[in-house]
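Here is the file upload13.cif (mmCIF, C-alpha atoms).
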data_start
#
loop_
_atom_site.label_atom_id
_atom_site.label_comp_id
_atom_site.auth_asym_id
_atom_site.auth_seq_id
_atom_site.Cartn_x
_atom_site.Cartn_y
_atom_site.Cartn_z
CA MET G 1 71.88 30.79 128.80
CA ALA G 2 70.69 31.74 125.34
CA GLY G 3 67.75 29.37 125.43
CA ASP G 4 66.62 30.74 128.77
CA ALA G 5 66.84 34.28 127.46
CA LEU G 6 64.94 33.62 124.26
CA HIS G 7 62.14 31.45 125.63
CA GLY G 8 60.07 31.63 128.75
CA SER G 9 56.70 32.29 130.32
CA THR G 10 54.61 35.33 129.58
CA ALA G 11 56.08 38.41 131.26
CA PRO G 12 54.13 40.97 133.30
CA ALA G 13 52.71 43.94 131.43
CA VAL G 14 55.30 46.29 129.97
CA ARG G 15 54.58 49.16 127.61
CA LEU G 16 57.83 49.86 125.82
CA ALA G 17 58.15 52.98 123.66
CA ILE G 18 60.86 52.82 121.00
CA VAL G 19 61.84 56.32 119.89
CA VAL G 20 63.72 56.73 116.59
CA PRO G 21 65.41 60.15 116.37
CA THR G 22 66.67 60.95 112.88
CA ARG G 23 68.13 63.80 110.88
CA ASN G 24 68.57 63.82 107.08
CA ARG G 25 68.91 60.03 106.94
CA ALA G 26 65.48 58.87 105.80
CA ASP G 27 66.71 55.61 104.26
CA LEU G 28 68.41 54.57 107.49
CA ALA G 29 65.45 55.57 109.66
CA ILE G 30 63.06 53.53 107.51
CA ARG G 31 65.24 50.44 107.88
CA ALA G 32 65.44 50.94 111.65
CA VAL G 33 61.64 51.16 111.90
CA GLU G 34 61.19 48.08 109.74
CA SER G 35 63.45 46.08 112.08
CA VAL G 36 60.95 46.83 114.86
CA LEU G 37 57.76 46.23 112.87
CA ALA G 38 59.02 42.84 111.68
CA GLN G 39 58.83 41.55 115.28
CA ARG G 40 56.57 44.02 117.02
CA THR G 41 54.50 42.76 119.95
CA PRO G 42 51.46 44.37 121.64
CA ALA G 43 53.81 45.61 124.37
CA ILE G 44 55.79 47.76 121.91
CA GLU G 45 55.01 51.15 120.40
CA ILE G 46 57.26 53.04 118.01
CA VAL G 47 57.49 56.69 117.07
CA VAL G 48 59.89 58.57 114.77
CA SER G 49 61.11 62.09 115.50
CA ASP G 50 62.33 63.77 112.32
CA ASN G 51 64.72 66.66 112.91
CA SER G 52 65.75 66.86 109.25
CA SER G 53 66.87 70.16 107.79
CA ASP G 54 66.50 68.89 104.20
CA PRO G 55 62.90 68.99 102.87
CA VAL G 56 63.72 66.18 100.44
CA GLU G 57 64.70 63.91 103.33
CA ARG G 58 61.52 64.84 105.21
CA ASP G 59 59.37 63.90 102.20
CA ARG G 60 61.32 60.69 101.64
CA LEU G 61 60.81 59.62 105.24
CA ALA G 62 57.09 60.40 105.23
CA ALA G 63 56.61 58.47 101.99
CA GLY G 64 58.76 55.49 103.00
CA LEU G 65 57.52 54.75 106.51
CA PRO G 66 54.88 52.02 106.83
CA ALA G 67 51.34 53.19 107.53
CA GLY G 68 50.51 53.79 111.16
CA VAL G 69 53.99 54.86 112.29
CA ALA G 70 53.72 58.27 113.94
CA ILE G 71 56.17 60.98 112.88
CA LEU G 72 56.95 63.80 115.29
CA THR G 73 58.28 67.08 113.90
CA PRO G 74 60.27 69.24 116.32
CA PRO G 75 59.80 73.01 116.30
CA GLY G 76 62.67 74.60 114.43
CA ASP G 77 66.06 73.04 113.73
CA LEU G 78 67.17 71.54 117.03
CA ALA G 79 70.63 70.58 118.16
CA MET G 80 71.04 66.88 118.91
CA THR G 81 70.62 67.08 122.68
CA ASP G 82 67.60 69.38 122.43
CA HIS G 83 66.06 67.06 119.86
CA TRP G 84 66.49 63.98 122.06
CA ASN G 85 64.89 65.74 125.02
CA TRP G 86 62.02 67.02 122.89
CA ALA G 87 61.41 63.62 121.27
CA LEU G 88 61.45 61.84 124.62
CA ASP G 89 59.00 64.30 126.19
CA ARG G 90 56.58 64.02 123.25
CA ALA G 91 56.83 60.22 123.13
CA GLU G 92 55.95 59.94 126.81
CA GLU G 93 52.97 62.25 126.35
CA LEU G 94 51.75 60.43 123.25
CA LEU G 95 52.31 56.79 124.20
CA ARG G 96 52.16 56.74 128.03
CA PRO G 97 54.77 53.97 128.26
CA THR G 98 56.19 52.26 131.32
CA HIS G 99 59.64 52.09 129.72
CA VAL G 100 61.52 53.86 126.93
CA THR G 101 64.45 53.08 124.67
CA PHE G 102 65.96 54.95 121.72
CA LEU G 103 66.79 53.31 118.40
CA THR G 104 69.13 55.55 116.43
CA ASP G 105 68.75 55.57 112.69
CA ARG G 106 72.08 53.78 112.18
CA MET G 107 70.97 50.75 114.16
CA VAL G 108 68.56 47.90 113.56
CA TYR G 109 67.29 45.19 115.87
CA LYS G 110 68.35 41.62 115.25
CA ARG G 111 65.58 39.21 114.36
CA GLY G 112 63.60 37.72 117.21
CA VAL G 113 65.04 39.81 120.04
CA LEU G 114 62.25 42.22 120.98
CA ALA G 115 59.97 39.69 122.70
CA PRO G 116 62.88 38.43 124.86
CA LEU G 117 63.81 42.04 125.59
CA VAL G 118 60.32 42.78 126.89
CA ARG G 119 60.49 39.67 129.07
CA GLN G 120 63.83 40.73 130.53
CA VAL G 121 62.46 44.18 131.29
CA ALA G 122 59.42 42.66 132.96
CA LEU G 123 61.66 40.62 135.28
CA ARG G 124 63.16 43.85 136.65
CA PRO G 125 60.63 46.57 135.82
CA GLU G 126 62.18 49.12 138.20
CA SER G 127 65.74 48.70 136.91
CA LEU G 128 67.52 50.13 133.90
CA LEU G 129 68.68 47.38 131.52
CA VAL G 130 71.70 47.76 129.23
CA PHE G 131 72.38 45.48 126.26
CA ASN G 132 75.07 45.18 123.62
CA HIS G 133 75.32 45.40 119.83
CA ASP G 134 77.21 43.87 116.93
CA GLY G 135 78.59 45.87 114.04
CA VAL G 136 78.83 45.98 110.27
CA LEU G 137 82.15 47.63 109.45
CA ASP G 138 81.27 49.24 106.16
CA ASP G 139 83.87 52.01 106.18
CA ARG G 140 86.02 49.76 103.99
CA ARG G 141 85.77 47.23 101.17
CA PRO G 142 85.16 44.40 101.50
CA VAL G 143 82.66 44.93 104.31
CA HIS G 144 83.11 42.98 107.55
CA VAL G 145 80.69 41.80 110.23
CA ASP G 146 81.90 42.18 113.82
CA LEU G 147 80.03 39.71 116.04
CA GLU G 148 80.62 39.98 119.77
CA PRO G 149 80.86 36.79 121.83
CA CYS G 150 78.12 36.78 124.42
CA SER G 151 76.84 34.78 127.38
CA TRP G 152 73.18 35.92 127.40
CA ARG G 153 73.58 36.43 131.14
CA VAL G 154 72.29 39.35 133.17
CA SER G 155 74.68 41.00 135.63
CA THR G 156 74.21 43.70 138.22
CA ILE G 157 76.57 46.62 137.65
CA SER G 158 77.57 48.87 140.53
CA SER G 159 77.28 52.52 139.50
CA GLN G 160 80.23 53.38 141.72
CA LEU G 161 82.41 50.68 140.18
CA PHE G 162 81.38 51.83 136.71
CA LEU G 163 82.33 55.46 137.50
CA ASP G 164 85.60 54.37 139.10
CA GLU G 165 86.52 52.55 135.91
CA VAL G 166 85.87 55.68 133.86
CA ALA G 167 87.96 57.81 136.22
CA THR G 168 90.90 55.44 135.83
CA GLY G 169 90.66 55.50 132.03
CA ARG G 170 88.61 52.40 131.33
CA ALA G 171 85.35 53.77 129.96
CA TRP G 172 83.68 50.51 128.97
CA GLN G 173 81.40 51.71 126.25
CA TRP G 174 78.97 48.82 125.98
CA ILE G 175 77.91 48.85 129.62
CA THR G 176 77.51 52.63 129.65
CA PRO G 177 73.74 53.31 129.72
CA ARG G 178 73.29 55.52 126.68
CA MET G 179 69.54 55.15 126.03
CA LEU G 180 70.38 53.88 122.54
CA ASN G 181 71.58 50.63 124.16
CA SER G 182 69.26 50.43 127.14
CA VAL G 183 65.68 50.37 128.37
CA ALA G 184 64.85 52.89 131.08
CA PRO G 185 61.79 52.90 133.32
CA VAL G 186 59.79 56.11 133.01
CA ALA G 187 60.03 56.61 136.77
CA LEU G 188 63.82 56.94 136.42
CA LEU G 189 63.37 59.50 133.63
CA HIS G 190 61.16 61.57 135.92
CA THR G 191 63.85 61.44 138.61
CA LEU G 192 66.50 62.64 136.15
CA ARG G 193 64.31 65.59 135.17
CA GLN G 194 63.83 66.51 138.81
CA SER G 195 67.58 66.32 139.48
CA PHE G 196 69.01 67.82 136.28
CA GLY G 197 66.12 69.63 134.60
CA THR G 198 66.28 67.38 131.53
CA VAL G 199 67.01 63.72 130.83
CA PHE G 200 69.81 64.46 128.34
CA GLY G 201 72.37 67.22 128.68
CA SER G 202 75.54 68.80 127.37
CA VAL G 203 76.96 67.90 123.95
CA ALA G 204 76.76 64.10 123.74
CA PRO G 205 73.27 63.21 125.00
CA ASP G 206 73.95 59.48 125.09
CA PHE G 207 77.00 59.66 127.39
CA SER G 208 75.43 62.46 129.41
CA PHE G 209 72.48 60.17 130.06
CA GLY G 210 74.74 57.34 131.20
CA PHE G 211 76.62 59.41 133.75
CA ARG G 212 73.43 61.05 135.01
CA VAL G 213 71.99 57.58 135.54
CA ALA G 214 75.10 56.48 137.43
CA ALA G 215 74.88 59.60 139.59
CA THR G 216 71.24 58.87 140.42
CA ILE G 217 71.00 55.14 141.07
CA ASP G 218 73.30 52.72 142.88
CA GLN G 219 73.15 49.92 140.34
CA PHE G 220 71.71 48.85 137.02
CA HIS G 221 71.59 45.64 135.01
CA ALA G 222 73.55 44.61 131.93
CA TRP G 223 72.31 41.84 129.64
CA ASP G 224 75.23 40.33 127.75
CA ALA G 225 73.22 40.04 124.55
CA PRO G 226 73.88 41.80 121.22
CA LEU G 227 70.33 42.85 120.32
CA LEU G 228 71.33 45.54 117.83
CA VAL G 229 73.52 45.93 114.77
CA HIS G 230 75.13 49.27 114.00
CA TYR G 231 76.26 50.12 110.50
CA ALA G 232 76.61 53.02 108.01
CA LEU G 233 79.88 54.07 109.65
CA PRO G 234 80.72 56.69 106.98
CA ARG G 235 77.56 58.52 108.09
CA SER G 236 78.32 58.35 111.81
CA ASN G 237 79.20 61.42 113.88
CA GLY G 238 81.11 59.27 116.36
CA HIS G 239 83.02 57.40 113.67
CA SER G 240 83.99 60.69 112.06
CA GLN G 241 85.34 61.84 115.41
CA GLN G 242 87.06 58.53 116.11
CA THR G 243 88.92 58.38 112.80
CA GLY G 244 89.27 62.07 112.07
CA ALA G 245 87.71 61.47 108.63
CA SER G 246 85.30 64.27 107.85
CA SER G 247 81.74 63.45 106.82
CA ALA G 248 78.68 65.56 106.04
CA ASP G 249 76.95 64.30 109.17
CA GLY G 250 79.99 64.98 111.31
CA GLU G 251 80.39 68.50 109.96
CA ASP G 252 76.69 69.19 110.53
CA PHE G 253 77.11 68.11 114.16
CA LYS G 254 80.25 70.20 114.71
CA ARG G 255 78.68 73.36 113.28
CA ARG G 256 76.18 73.31 116.13
CA LEU G 257 78.91 73.22 118.78
CA ASN G 258 80.50 76.55 117.81
CA GLU G 259 83.74 76.96 119.79
CA PHE G 260 83.30 73.89 121.95
CA ARG G 261 85.98 73.06 124.55
CA ASN G 262 86.11 69.79 126.48
CA ALA G 263 85.81 69.88 130.27
CA THR G 264 88.96 67.76 130.52
CA PRO G 265 92.63 68.52 131.22
CA PHE G 266 93.01 68.93 127.42
CA PRO G 267 90.05 71.14 126.46
CA ASP G 268 91.03 71.62 122.82
CA VAL G 269 91.54 67.92 122.00
CA HIS G 270 88.46 66.30 120.48
CA THR G 271 88.44 62.51 120.27
CA LEU G 272 85.84 59.94 121.20
CA SER G 273 87.51 59.40 124.57
CA THR G 274 87.49 63.08 125.42
CA ALA G 275 83.78 63.22 124.54
CA MET G 276 83.09 60.62 127.22
CA PHE G 277 85.44 62.19 129.74
CA HIS G 278 83.81 65.57 129.04
CA GLU G 279 80.36 64.25 129.89
CA TYR G 280 81.74 62.52 132.98
CA ALA G 281 83.24 65.82 134.18
CA VAL G 282 80.13 67.85 133.33
CA VAL G 283 77.76 65.51 135.17
CA GLY G 284 80.12 65.30 138.13
CA LYS G 285 80.07 69.09 138.38
CA GLU G 286 76.29 69.21 137.90
CA CYS G 287 75.51 66.89 140.77
CA GLY G 288 78.54 67.50 143.00
CA SER G 289 78.53 63.83 143.97
CA PRO G 290 81.60 62.23 145.57
CA LYS G 291 80.92 59.28 143.26
CA PHE G 292 82.81 61.19 140.56
CA ARG G 293 86.56 61.08 141.14
CA PRO G 294 88.62 63.88 139.54
CA LEU G 295 90.09 63.10 136.12
CA HIS G 296 93.87 62.92 136.23
CA PRO G 297 95.69 64.37 133.19
CA ASP G 298 97.74 61.18 132.79
CA VAL G 299 94.58 59.08 132.57
CA VAL G 300 93.09 61.28 129.87
CA ALA G 301 96.38 61.53 127.98
CA ARG G 302 96.73 57.74 127.95
CA ALA G 303 93.25 57.40 126.44
CA ILE G 304 94.00 60.09 123.85
CA ARG G 305 97.15 58.20 122.79
CA ARG G 306 94.99 55.14 122.14
CA ASP G 307 92.56 57.27 120.17
CA ALA G 308 95.39 58.71 118.10
CA LYS G 309 96.19 55.26 116.70
CA LEU G 310 92.79 55.20 115.00
CA LEU G 311 93.13 58.56 113.27
CA VAL G 312 93.50 58.23 109.52
CA SER G 313 95.59 61.37 109.05
CA ASP G 314 99.23 61.54 110.18
CA ASP G 315 98.94 65.31 110.49
CA THR G 316 95.85 65.06 112.69
CA ARG G 317 97.53 62.41 114.83
CA ARG G 318 100.61 64.60 115.22
CA ALA G 319 98.49 67.59 116.24
CA VAL G 320 96.59 65.53 118.83
CA LEU G 321 99.79 64.13 120.34
CA ASP G 322 101.41 67.55 120.38
CA ALA G 323 98.39 68.95 122.25
CA ILE G 324 98.96 66.51 125.12
CA GLY G 325 102.70 67.16 125.16
CA ASP G 326 103.63 63.84 123.55
CA THR G 327 106.61 65.27 121.67
CA GLY G 328 108.63 62.06 121.64
CA VAL G 329 106.48 60.37 119.01
CA THR G 330 107.18 60.95 115.34
CA ARG G 331 105.65 59.59 112.17
CA SER G 332 108.45 57.05 111.83
CA SER G 333 108.32 55.91 115.44
CA PRO G 334 107.21 52.40 116.45
CA ILE G 335 103.94 53.77 117.83
CA SER G 336 103.05 55.29 114.47
CA ILE G 337 103.95 52.05 112.69
CA VAL G 338 101.80 50.06 115.12
CA GLY G 339 98.99 52.51 114.46
CA ARG G 340 99.16 51.86 110.72
CA ILE G 341 99.09 48.09 111.27
CA TRP G 342 96.22 48.48 113.75
CA ARG G 343 94.11 50.35 111.22
CA ALA G 344 94.85 47.72 108.57
CA ILE G 345 93.43 44.87 110.66
CA PRO G 346 89.98 44.04 109.21
CA TYR G 347 88.35 43.88 112.62
CA ARG G 348 90.57 46.42 114.37
CA SER G 349 89.75 47.37 117.92
CA THR G 350 87.27 50.12 118.55
CA LEU G 351 87.45 52.47 121.52
CA TYR G 352 89.08 50.78 124.54
CA GLY G 353 89.29 47.69 122.38
CA ARG G 354 89.07 44.03 122.97
CA ARG G 355 92.81 43.62 123.44
CA ALA G 356 92.81 46.04 126.34
CA LEU G 357 89.99 44.09 127.96
CA ALA G 358 92.23 41.07 128.28
CA ARG G 359 94.37 43.06 130.74
CA VAL G 360 91.57 43.85 133.19
CA PRO G 361 92.42 42.44 136.65
CA THR G 362 90.19 39.56 137.65
CA GLY G 363 87.35 40.72 139.85
CA ARG G 364 87.44 44.34 138.76
CA LEU G 365 84.64 44.00 136.24
CA PRO G 366 81.95 41.46 135.43
CA SER G 367 83.12 38.45 133.47
CA ILE G 368 80.75 39.50 130.71
CA VAL G 369 82.96 42.55 130.16
CA ARG G 370 86.28 40.72 130.37
CA GLU G 371 85.13 38.23 127.76
CA ARG G 372 84.97 40.95 125.10
CA ALA G 373 88.62 40.06 124.45
CA ALA G 374 87.38 37.16 122.32
CA LEU G 375 86.25 38.16 118.84
CA VAL G 376 84.33 36.38 116.09
CA PRO G 377 84.84 38.24 112.80
CA TYR G 378 83.02 37.52 109.54
CA LEU G 379 85.00 38.91 106.63
CA GLY G 380 84.64 39.64 102.94
CA PHE G 381 81.15 40.90 102.12
CA GLU G 382 80.73 42.90 98.94
CA SER G 383 77.97 45.19 100.22
CA THR G 384 76.56 46.61 103.43
CA ASP G 385 73.19 44.96 102.74
CA ALA G 386 74.75 41.49 102.46
CA ALA G 387 76.72 41.94 105.66
CA LEU G 388 73.73 43.39 107.50
CA GLU G 389 71.58 40.41 106.56
CA VAL G 390 74.09 38.04 108.16
CA ALA G 391 74.44 40.21 111.26
CA ILE G 392 70.72 40.47 112.00
CA ARG G 393 70.24 36.71 111.60
CA THR G 394 73.09 35.78 113.94
CA ASN G 395 72.07 36.17 117.55
CA ARG G 396 73.58 33.28 119.50
CA VAL G 397 77.33 33.64 119.17
CA ARG G 398 79.09 31.87 122.03
CA PRO G 399 82.21 32.99 123.87
CA ARG G 400 85.33 31.11 122.89
CA THR G 401 86.20 30.35 126.50
CA PRO G 402 83.87 29.38 129.36
CA LEU G 403 82.65 32.26 131.49
CA PRO G 404 83.38 32.06 135.21
CA ARG G 405 80.36 31.44 137.39
CA ALA G 406 79.01 34.71 138.76
CA ALA G 407 77.29 35.37 142.04
CA VAL G 408 73.52 34.90 142.03
CA GLY G 409 71.40 37.92 142.76
CA SER G 410 68.10 37.96 144.62
CA ASN G 411 66.18 37.69 141.36
CA GLY G 412 67.94 34.47 140.45
CA ALA G 413 69.94 36.00 137.59
CA PRO G 414 73.72 35.70 137.52
CA ALA G 415 75.12 38.87 138.99
CA TYR G 416 78.33 40.69 139.74
CA LEU G 417 77.91 42.56 143.00
CA ALA G 418 80.60 45.11 143.88
#

Please go through the file and, once you have read it, give me the structure as structure tokens.
Amino acid sequence: MAGDALHGSTAPAVRLAIVVPTRNRADLAIRAVESVLAQRTPAIEIVVSDNSSDPVERDRLAAGLPAGVAILTPPGDLAMTDHWNWALDRAEELLRPTHVTFLTDRMVYKRGVLAPLVRQVALRPESLLVFNHDGVLDDRRPVHVDLEPCSWRVSTISSQLFLDEVATGRAWQWITPRMLNSVAPVALLHTLRQSFGTVFGSVAPDFSFGFRVAATIDQFHAWDAPLLVHYALPRSNGHSQQTGASSADGEDFKRRLNEFRNATPFPDVHTLSTAMFHEYAVVGKECGSPKFRPLHPDVVARAIRRDAKLLVSDDTRRAVLDAIGDTGVTRSSPISIVGRIWRAIPYRSTLYGRRALARVPTGRLPSIVRERAALVPYLGFESTDAALEVAIRTNRVRPRTPLPRAAVGSNGAPAYLA
């Protein structure tokens, strides 16, 4: 329950390093750091790694960060994956933590969540812990706050079940360990380096990390608690890819990929789904594990069709559908009309949205995942700052329907055991 998660006895010693990687977004990075310092405990250390190419942004970050916050400066102008690996290596050397998490510059912690997070980590110090986030949808006016219903329960997620869901087209984003939504024990990071050479790989370091984790360990834990708020969608690489709306940050990211082709049945189609499927395929090839089932073209095509509904350009949508051989869909077709209505909904579904979750067969996934079908929107804010203030203060949203009782694991926490 929420009260149990937020209050409790003193946890065993944990040294948690929070790494904030940033690039040319000094104002966002400063706000992310401030969300940590406002509730910092002796168990938490924070370090910023500034990979900015703009000297003005570098100076703005150095001047705006509170005193005592270390800034790491990578050698040269690193690509995203190289930067994450470099920042992680330096943070471990500098801080000697027991656990690490990343806080991207477009996210902030909700108020009062870091002490409970440390306690949860201390309950399972050898396990990776995933948590969820809420959102401020500021790619429109008025701005909306998207608050996820939550149970504040901890469930055990089978890595095999998680990978099976991806292979069948249900890549549940919030339970994917992406480092930016999870706390990893340093011992696990060492194992990943031994197995893969680096912790992060390929093009999308967050999804690469998640699939490498699933290849390495049999299970991990998911805490159904929205500890973070993500915002600044117009400055998001992923949002640019999801909607097809170009942004300076998205173009900067794409320039570093050169002639990138996805390791999927549709190598020249680039959507958020294909980014995840690409990392799934790459990690599966890297490790050669039978855990990774082959991706069927129909599975990927179905996901791409869902992605196409979120694209803002009819021409881009048409090109994506043509690339997967979907020649029966035209701009005037019912699917296109549904897509326009979908995008007009203030709290429209994101990738593999909440509506799809309602169709998951009972028993296939933890109840904490099925319950994402319920949604609590807050509409009508005039500014991102106003919406963000509400989002960071709201941390006990309840599900609209009771959650089924889960099995109880050996640690006493509710669990789903595959």

**Asked** So, counting all atoms listed in the file, which residue among G:Thr384, G:Ser273, G:Asn262, G:Ser236 is closest to G:Gln173?
**Response** G:Ser273

**Request:** Could you list the residues chosen by the PyMOL selection byres ((chain G and resi 160) around 9) in this structure as number ranges by chain?
**Result:** G: 157-159, 161-165, 214-215, 218-219, 291-292, 418

Just want the 10 Å neighbourhood of stretch 276-289 of chain G, counted on all atoms listed in the file, with same-chain residues fewer than 6 positions away dropped. Output as an mmCIF file with C-alpha atoms, in the coordinates of the input.
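Listing of result-v1.cif after writing:
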data_model
loop_
_atom_site.group_PDB
_atom_site.id
_atom_site.type_symbol
_atom_site.label_atom_id
_atom_site.label_comp_id
_atom_site.auth_asym_id
_atom_site.auth_seq_id
_atom_site.Cartn_x
_atom_site.Cartn_y
_atom_site.Cartn_z
ATOM 1 C CA LEU G 163 82.330 55.460 137.500
ATOM 2 C CA VAL G 166 85.870 55.680 133.860
ATOM 3 C CA ALA G 167 87.960 57.810 136.220
ATOM 4 C CA GLY G 169 90.660 55.500 132.030
ATOM 5 C CA ALA G 171 85.350 53.770 129.960
ATOM 6 C CA GLN G 173 81.400 51.710 126.250
ATOM 7 C CA SER G 195 67.580 66.320 139.480
ATOM 8 C CA PHE G 196 69.010 67.820 136.280
ATOM 9 C CA GLY G 201 72.370 67.220 128.680
ATOM 10 C CA SER G 202 75.540 68.800 127.370
ATOM 11 C CA VAL G 203 76.960 67.900 123.950
ATOM 12 C CA ALA G 204 76.760 64.100 123.740
ATOM 13 C CA PRO G 205 73.270 63.210 125.000
ATOM 14 C CA ASP G 206 73.950 59.480 125.090
ATOM 15 C CA PHE G 207 77.000 59.660 127.390
ATOM 16 C CA SER G 208 75.430 62.460 129.410
ATOM 17 C CA PHE G 209 72.480 60.170 130.060
ATOM 18 C CA GLY G 210 74.740 57.340 131.200
ATOM 19 C CA PHE G 211 76.620 59.410 133.750
ATOM 20 C CA ARG G 212 73.430 61.050 135.010
ATOM 21 C CA VAL G 213 71.990 57.580 135.540
ATOM 22 C CA ALA G 214 75.100 56.480 137.430
ATOM 23 C CA ALA G 215 74.880 59.600 139.590
ATOM 24 C CA THR G 216 71.240 58.870 140.420
ATOM 25 C CA ARG G 261 85.980 73.060 124.550
ATOM 26 C CA ASN G 262 86.110 69.790 126.480
ATOM 27 C CA ALA G 263 85.810 69.880 130.270
ATOM 28 C CA THR G 264 88.960 67.760 130.520
ATOM 29 C CA PRO G 265 92.630 68.520 131.220
ATOM 30 C CA PHE G 266 93.010 68.930 127.420
ATOM 31 C CA PRO G 267 90.050 71.140 126.460
ATOM 32 C CA HIS G 270 88.460 66.300 120.480
ATOM 33 C CA LEU G 295 90.090 63.100 136.120
ATOM 34 C CA VAL G 300 93.090 61.280 129.870
ATOM 35 C CA ALA G 303 93.250 57.400 126.440
#

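If you look at atom CA of G:Pro234 and atom CA of G:Asp139, they are 5.7 Å away from each other.
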
**Distance criterion (all atoms listed in the file): nearest to G:Asp307 out of G:Thr73, G:Ser35, G:Thr274, G:Ser155** = G:Thr274

**Asked** Any idea what the distance is between atom CA of G:Leu388 and atom CA of G:Val136?
**Response**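 Value for the atom CA of G:Leu388-atom CA of G:Val136 distance: 6.4 Å.
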
**Asked** Separation of atom CA of G:Asp314 and atom CA of G:Asp298, in Å?
**Response**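 Atom CA of G:Asp298 lies 22.7 Å from atom CA of G:Asp314.
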
**Request:** Can you work out which one of G:Asp27, G:Asp89, G:Asp54, G:Glu126 has the shortest atom-to-atom distance to G:Arg106, counting all atoms listed in the file?
**Result:** G:Asp27
